[in-house]
Amino acid sequence: MEILGLVNYALFMAIFIAIYALLALGLNIQWGFAGLFNAGIAGFFAVGAYTSAILSTAADDGRIGGFDLHFLLGWFGAMLAAGLIAWPIGKICLRFRSDYLAIATIGVAEIIRLVIKSEPVLTNGARGISGIPRPAGDIGYMESQIAYLAIVLAVLAAAYFLVERQFNAPWGRMMRAIRDNESAAKAMGKDVEFRRLEAFIFGAALMGLAGAMFAHFNRSITPEAIDPMVATFLVWIMLILGGSGNNRGAIVGAAVVWIIWSVSEIATDRLPHEYAVQAKYIRLFLIGLMLQLVLRFRPEGLLPEPLRGDRRTSQSGTEPH
Amino acid sequence: MDLLELINFYLIPGIVLGSIYALGAVGITLIFAILRYAHLAHGDLATLGAFIALAVVTSLGISPLVALPFAIIATGAVAIGIDKVFYEHLRERPKIVTVMASLGIALMVRSVVQVVWGVDTQTYSRGIVRPEDYFGLRIRDREIYTVLAMVALVGVLQLFLTRSKWGKAMRAMSDNPNLALLSGIDNKKVVMLTWGIAGGLCAASGFFLGLNTELKSMMGWHMLLPMFAAAILGGVGRVEGAVLGGLIVGIAEEMSVLFIPSEYKAAMAFAILLFMLLVRPTGLLKGKVL
């Protein structure tokens, strides 16, 4: 029984790590490739989760949908919706320095939170949407967990290979050129704003997909399912610690940070109740401190951005940003 | 609805809220102009200031307004400390790295507030304050204090920036940092001064929000967007612009209830922000665009 519980916990954790790794990959496209600061990751995640929930649940009288579509269509819809929300924001903000995008994405996440809370027709309000079908969900519990992990890992692997391929393709080279020296890239005739918009939308779509996978895993989605600030921040620290600009780094970072985060939760849960509440905030403080330390002492992360071409031979000590 | 009702229920609360935003926006605009990055921990620093004032009120048993100077000084010192410990060594790196660090600081400051003061709602003083009647205008004392304090603090700051040596140095850094450094301005002192002023104004902003509503650990974070909208609306780097922007955002938020569902009040700031970036990124009073 003990071993079964442990296996179960490991499965649970692996699924979460894979979902967070997808988020970190999405952020890597935005920040690692293109140097765009997205502080509203949780917003795109939530849009993906709710879109897929609305598309794939059975019809309900109280709200729009569900449309009872296949879950794959739901996931596709989630990517589309997150990308569609990213588009106007990017269009307006990417003309300026990334600071403006940071502020605007905080705003987007806030608006999405408001809409989820106050539009029951769309999201069923505080009760959330339940009965979201889970692929391979009607077999035994353990088998179903394993099957879902396999699906999530397959999606992650596909995303990784596609993103890695883009990174090594001329497109990735151009994105890094834009990131590292905008005026030079512009002088070479690159459409800087449009390329940034591409990176922002692709990244957001991946975040939406991660949201959808989360919703289907839990079989339900409620406004309280994730703490927006904590989720956004965890993804950031995953990418920075893992190594921004390195896709493997993003995945490693997701695993390391999520394991630290969940193990510390187990530790604090054992504390007496009067300390347990405070311990939760101390954990938040420490994760914030961790970011400061990484930024100061190892800004390139665990797995630094691979240097290619000329940069490999001249091996300068520059950091990605 | 008659005019008096409109003024009493929408315009006056709007001006009060706007003054609170203005205090924070002035700090944001100074940091944006002199240090050249968006400081995302500004809202949570305001929360800290408000709670420091609460600690002074409860431990010394003095009236909140007397506690305000303590909070201003303490929060200014905290801001300088945060800069020394966490931001200073990032100065040579791209500015966006500091923006990221400040997001982490926001989380850290908030968790300190949550550990020390808990997450429950608190107030400076109990009981309901009834508004006084001035020729039909219903205004509470604390609302008068808020607006007066904002005008006084910004007035003093404006005098400091235009008349004193260090104020001029700050403006020089904002206009042209290289030229300022060449003419012998002490960069480090200007940075310290900027943080002291911004931190102090933050505390005032958080304090008056707490005085007019209540103290919550998330109060500052929710003010961040309106404060940035105010700074950009007024024009980055323009102190008087930040005040104007703050007042407009505050009044727009309160008035918005007349046209859109009240749940979306907080969306007004965001709409103003996007609109300004779209049509006039320099702001109303021709500020900088980074």
# chains A, B, ... in the order shown; residues from 1 in each chain; ligands from 1
>>> select_by_dssp(residues="region 218-311 of chain A", states="helix (DSSP H, G or I)", output="count of residues only")
66
>>> select_by_dssp(residues="region 89-212 of chain B", states="strand (DSSP E or B)", output="list in words")
Gln122, Glu132, Asp133, Tyr134, Leu137, Arg138 and Ile139 of chain B
>>> residues_around(residues="Leu23 (chain B)", least_positions_apart="3", cutoff="9 Å", atoms="only C-alpha atoms", output="list in words")
Gly18, Ser19, Ile20, Val26, Gly27, Met150, Leu153, Val154, Ala198, Leu201, Cys202, Ala203, Ala204, Ser205, Gly206, Met227, Ala242, Val243 and Gly246 of chain B
>>> interface_residues(of="chain A", to="chain B", cutoff="7 Å", atoms="only C-alpha atoms", output="ChimeraX atom specification")
/A:92,96-99,107,111,114,118,278,281-282,284-285,288,291-292,321
>>> atom_distance(atom1="CA of Ile34 (chain B)", atom2="CA of Tyr100 (chain A)")
16.4 Å
>>> closest_residue(among="A:Gly74, A:Gly301, A:Pro272, A:Gly203", to="Arg248 (chain A)", atoms="only C-alpha atoms")
A:Gly301
>>> residues_around(residues="Gln166 (chain A)", least_positions_apart="6", cutoff="12 Å", atoms="only C-alpha atoms", output="list in words")
Ile29, Phe33, Ala159, Tyr160, Gly172, Arg173, Met174, Met175, Arg176, Ala199, Phe202 and Asn247 of chain A
>>> write_last_selection(atoms="N, CA and C atoms", output="short mmCIF file (atom, residue, chain, number, x, y, z; two decimals), in the first residue's frame")
data_model
loop_
_atom_site.label_atom_id
_atom_site.label_comp_id
_atom_site.auth_asym_id
_atom_site.auth_seq_id
_atom_site.Cartn_x
_atom_site.Cartn_y
_atom_site.Cartn_z
N ILE A 29 10.00 30.32 -25.71
CA ILE A 29 9.86 30.92 -27.03
C ILE A 29 9.79 32.44 -26.89
N PHE A 33 13.84 32.99 -26.79
CA PHE A 33 14.09 33.29 -28.20
C PHE A 33 14.06 34.78 -28.45
N ALA A 159 6.16 18.92 -28.68
CA ALA A 159 6.40 20.36 -28.56
C ALA A 159 7.90 20.63 -28.51
N TYR A 160 8.60 19.81 -27.74
CA TYR A 160 10.05 20.01 -27.62
C TYR A 160 10.73 19.91 -28.97
N GLY A 172 14.89 30.65 -35.87
CA GLY A 172 15.44 30.80 -34.53
C GLY A 172 16.65 31.70 -34.53
N ARG A 173 17.46 31.57 -35.55
CA ARG A 173 18.65 32.41 -35.64
C ARG A 173 18.23 33.87 -35.77
N MET A 174 17.22 34.09 -36.58
CA MET A 174 16.74 35.47 -36.76
C MET A 174 16.18 36.02 -35.46
N MET A 175 15.43 35.16 -34.72
CA MET A 175 14.85 35.64 -33.46
C MET A 175 15.95 36.04 -32.49
N ARG A 176 17.00 35.24 -32.42
CA ARG A 176 18.09 35.57 -31.49
C ARG A 176 18.80 36.83 -31.94
N ALA A 199 6.57 35.18 -32.16
CA ALA A 199 7.10 34.46 -31.00
C ALA A 199 6.12 34.57 -29.83
N PHE A 202 3.06 32.23 -30.57
CA PHE A 202 3.41 30.81 -30.45
C PHE A 202 3.55 30.42 -28.99
N ASN A 247 15.99 24.77 -24.57
CA ASN A 247 14.72 24.06 -24.38
C ASN A 247 14.86 22.92 -23.38
#
>>> residues_around(residues="Val252 (chain A)", least_positions_apart="5", cutoff="9 Å", atoms="only C-alpha atoms", output="list in words")
Ala21, Met238, Leu239, Leu241, Gly242, Gly243, Asn247, Val257, Leu302 and Leu303 of chain A
>>> write_last_selection(atoms="N, CA and C atoms", output="mmCIF file, in the first residue's frame")
data_model
loop_
_atom_site.group_PDB
_atom_site.id
_atom_site.type_symbol
_atom_site.label_atom_id
_atom_site.label_comp_id
_atom_site.auth_asym_id
_atom_site.auth_seq_id
_atom_site.Cartn_x
_atom_site.Cartn_y
_atom_site.Cartn_z
ATOM 1 N N ALA A 21 6.415 21.954 -17.716
ATOM 2 C CA ALA A 21 7.481 22.010 -18.725
ATOM 3 C C ALA A 21 6.943 22.610 -20.020
ATOM 4 N N MET A 238 11.380 28.487 -13.160
ATOM 5 C CA MET A 238 11.751 27.262 -13.863
ATOM 6 C C MET A 238 12.637 27.567 -15.060
ATOM 7 N N LEU A 239 12.211 28.545 -15.851
ATOM 8 C CA LEU A 239 12.969 28.843 -17.066
ATOM 9 C C LEU A 239 14.323 29.468 -16.740
ATOM 10 N N LEU A 241 16.092 29.295 -13.934
ATOM 11 C CA LEU A 241 16.981 28.335 -13.274
ATOM 12 C C LEU A 241 17.456 27.285 -14.276
ATOM 13 N N GLY A 242 16.542 26.803 -15.107
ATOM 14 C CA GLY A 242 16.917 25.775 -16.075
ATOM 15 C C GLY A 242 17.879 26.299 -17.118
ATOM 16 N N GLY A 243 17.688 27.536 -17.517
ATOM 17 C CA GLY A 243 18.546 28.125 -18.528
ATOM 18 C C GLY A 243 17.697 28.677 -19.656
ATOM 19 N N ASN A 247 15.992 24.768 -24.566
ATOM 20 C CA ASN A 247 14.723 24.056 -24.380
ATOM 21 C C ASN A 247 14.855 22.921 -23.381
ATOM 22 N N VAL A 257 12.346 22.680 -10.124
ATOM 23 C CA VAL A 257 11.569 23.621 -9.319
ATOM 24 C C VAL A 257 10.303 22.954 -8.790
ATOM 25 N N LEU A 302 21.060 26.442 -15.204
ATOM 26 C CA LEU A 302 21.758 25.153 -15.089
ATOM 27 C C LEU A 302 22.320 24.719 -16.437
ATOM 28 N N LEU A 303 21.485 24.811 -17.473
ATOM 29 C CA LEU A 303 21.936 24.463 -18.819
ATOM 30 C C LEU A 303 21.934 25.745 -19.648
#
>>> residues_around(residues="Val56 (chain B)", least_positions_apart="6", cutoff="9 Å", atoms="only C-alpha atoms", output="ChimeraX atom specification")
/B:62,64,67-68,70-71
>>> closest_residue(among="A:Ala276, A:Met13, A:Leu4, A:Met207", to="Ile260 (chain A)", atoms="only C-alpha atoms")
A:Met13
>>> residues_around(residues="region 120-133 of chain A", least_positions_apart="5", cutoff="9 Å", atoms="only C-alpha atoms", output="PyMOL selection string")
chain A and resi 50+52-54+56-58+62-65+70-71+115+215-224
>>> write_last_selection(atoms="N, CA and C atoms", output="PDB file, in the first residue's frame")
ATOM      1  N   TYR A  50     -10.161  26.894 -19.850  1.00  0.00           N
ATOM      2  CA  TYR A  50     -11.601  27.104 -19.982  1.00  0.00           C
ATOM      3  C   TYR A  50     -12.084  26.848 -21.407  1.00  0.00           C
ATOM      4  N   SER A  52     -10.886  24.750 -23.642  1.00  0.00           N
ATOM      5  CA  SER A  52     -10.987  23.322 -23.888  1.00  0.00           C
ATOM      6  C   SER A  52     -12.153  22.726 -23.097  1.00  0.00           C
ATOM      7  N   ALA A  53     -12.362  23.236 -21.877  1.00  0.00           N
ATOM      8  CA  ALA A  53     -13.475  22.743 -21.059  1.00  0.00           C
ATOM      9  C   ALA A  53     -14.804  23.014 -21.748  1.00  0.00           C
ATOM     10  N   ILE A  54     -14.974  24.235 -22.255  1.00  0.00           N
ATOM     11  CA  ILE A  54     -16.243  24.586 -22.908  1.00  0.00           C
ATOM     12  C   ILE A  54     -16.449  23.734 -24.158  1.00  0.00           C
ATOM     13  N   SER A  56     -15.230  20.719 -24.919  1.00  0.00           N
ATOM     14  CA  SER A  56     -15.268  19.260 -24.866  1.00  0.00           C
ATOM     15  C   SER A  56     -16.260  18.686 -23.858  1.00  0.00           C
ATOM     16  N   THR A  57     -16.860  19.524 -22.990  1.00  0.00           N
ATOM     17  CA  THR A  57     -17.835  18.964 -22.047  1.00  0.00           C
ATOM     18  C   THR A  57     -19.185  18.763 -22.729  1.00  0.00           C
ATOM     19  N   ALA A  58     -20.018  17.970 -22.042  1.00  0.00           N
ATOM     20  CA  ALA A  58     -21.367  17.750 -22.558  1.00  0.00           C
ATOM     21  C   ALA A  58     -22.192  19.022 -22.356  1.00  0.00           C
ATOM     22  N   GLY A  62     -26.892  25.963 -18.056  1.00  0.00           N
ATOM     23  CA  GLY A  62     -26.541  27.208 -17.380  1.00  0.00           C
ATOM     24  C   GLY A  62     -25.545  28.081 -18.122  1.00  0.00           C
ATOM     25  N   ARG A  63     -24.878  27.524 -19.108  1.00  0.00           N
ATOM     26  CA  ARG A  63     -23.795  28.291 -19.726  1.00  0.00           C
ATOM     27  C   ARG A  63     -23.713  27.983 -21.220  1.00  0.00           C
ATOM     28  N   ILE A  64     -22.853  28.695 -21.906  1.00  0.00           N
ATOM     29  CA  ILE A  64     -22.637  28.439 -23.329  1.00  0.00           C
ATOM     30  C   ILE A  64     -21.957  27.084 -23.485  1.00  0.00           C
ATOM     31  N   GLY A  65     -22.422  26.278 -24.410  1.00  0.00           N
ATOM     32  CA  GLY A  65     -21.823  24.940 -24.591  1.00  0.00           C
ATOM     33  C   GLY A  65     -22.271  24.025 -23.480  1.00  0.00           C
ATOM     34  N   HIS A  70     -14.472  16.297 -29.507  1.00  0.00           N
ATOM     35  CA  HIS A  70     -13.349  15.446 -29.151  1.00  0.00           C
ATOM     36  C   HIS A  70     -12.298  16.262 -28.386  1.00  0.00           C
ATOM     37  N   PHE A  71     -11.612  15.617 -27.434  1.00  0.00           N
ATOM     38  CA  PHE A  71     -10.681  16.408 -26.616  1.00  0.00           C
ATOM     39  C   PHE A  71      -9.562  17.042 -27.430  1.00  0.00           C
ATOM     40  N   VAL A 115     -13.032  38.209 -15.836  1.00  0.00           N
ATOM     41  CA  VAL A 115     -14.045  37.616 -16.722  1.00  0.00           C
ATOM     42  C   VAL A 115     -14.451  36.239 -16.185  1.00  0.00           C
ATOM     43  N   ALA A 215      -6.681  21.072 -17.279  1.00  0.00           N
ATOM     44  CA  ALA A 215      -8.119  20.941 -17.048  1.00  0.00           C
ATOM     45  C   ALA A 215      -8.583  19.508 -17.280  1.00  0.00           C
ATOM     46  N   HIS A 216      -8.080  18.882 -18.357  1.00  0.00           N
ATOM     47  CA  HIS A 216      -8.508  17.520 -18.656  1.00  0.00           C
ATOM     48  C   HIS A 216      -7.961  16.527 -17.632  1.00  0.00           C
ATOM     49  N   PHE A 217      -6.806  16.850 -17.076  1.00  0.00           N
ATOM     50  CA  PHE A 217      -6.249  15.972 -16.056  1.00  0.00           C
ATOM     51  C   PHE A 217      -7.103  16.016 -14.787  1.00  0.00           C
ATOM     52  N   ASN A 218      -7.498  17.214 -14.381  1.00  0.00           N
ATOM     53  CA  ASN A 218      -8.299  17.370 -13.162  1.00  0.00           C
ATOM     54  C   ASN A 218      -9.770  17.041 -13.379  1.00  0.00           C
ATOM     55  N   ARG A 219     -10.176  16.931 -14.621  1.00  0.00           N
ATOM     56  CA  ARG A 219     -11.564  16.720 -15.019  1.00  0.00           C
ATOM     57  C   ARG A 219     -12.462  17.914 -14.682  1.00  0.00           C
ATOM     58  N   SER A 220     -11.888  18.966 -14.112  1.00  0.00           N
ATOM     59  CA  SER A 220     -12.700  20.146 -13.816  1.00  0.00           C
ATOM     60  C   SER A 220     -11.779  21.350 -13.762  1.00  0.00           C
ATOM     61  N   ILE A 221     -12.385  22.526 -13.883  1.00  0.00           N
ATOM     62  CA  ILE A 221     -11.585  23.737 -13.753  1.00  0.00           C
ATOM     63  C   ILE A 221     -12.416  24.780 -12.997  1.00  0.00           C
ATOM     64  N   THR A 222     -11.835  25.352 -11.964  1.00  0.00           N
ATOM     65  CA  THR A 222     -12.523  26.383 -11.185  1.00  0.00           C
ATOM     66  C   THR A 222     -11.623  27.610 -11.108  1.00  0.00           C
ATOM     67  N   PRO A 223     -12.202  28.773 -10.761  1.00  0.00           N
ATOM     68  CA  PRO A 223     -11.355  29.974 -10.676  1.00  0.00           C
ATOM     69  C   PRO A 223     -10.233  29.815  -9.646  1.00  0.00           C
ATOM     70  N   GLU A 224     -10.438  28.968  -8.637  1.00  0.00           N
ATOM     71  CA  GLU A 224      -9.413  28.847  -7.589  1.00  0.00           C
ATOM     72  C   GLU A 224      -8.398  27.743  -7.898  1.00  0.00           C
TER      73      GLU A 224
END
>>> closest_residue(among="A:Ala147, A:Asp269, A:Thr51, A:Asn181", to="Gly66 (chain A)", atoms="only C-alpha atoms")
A:Thr51
>>> atom_distance(atom1="CA of Glu2 (chain A)", atom2="CA of Ala279 (chain A)")
26.8 Å
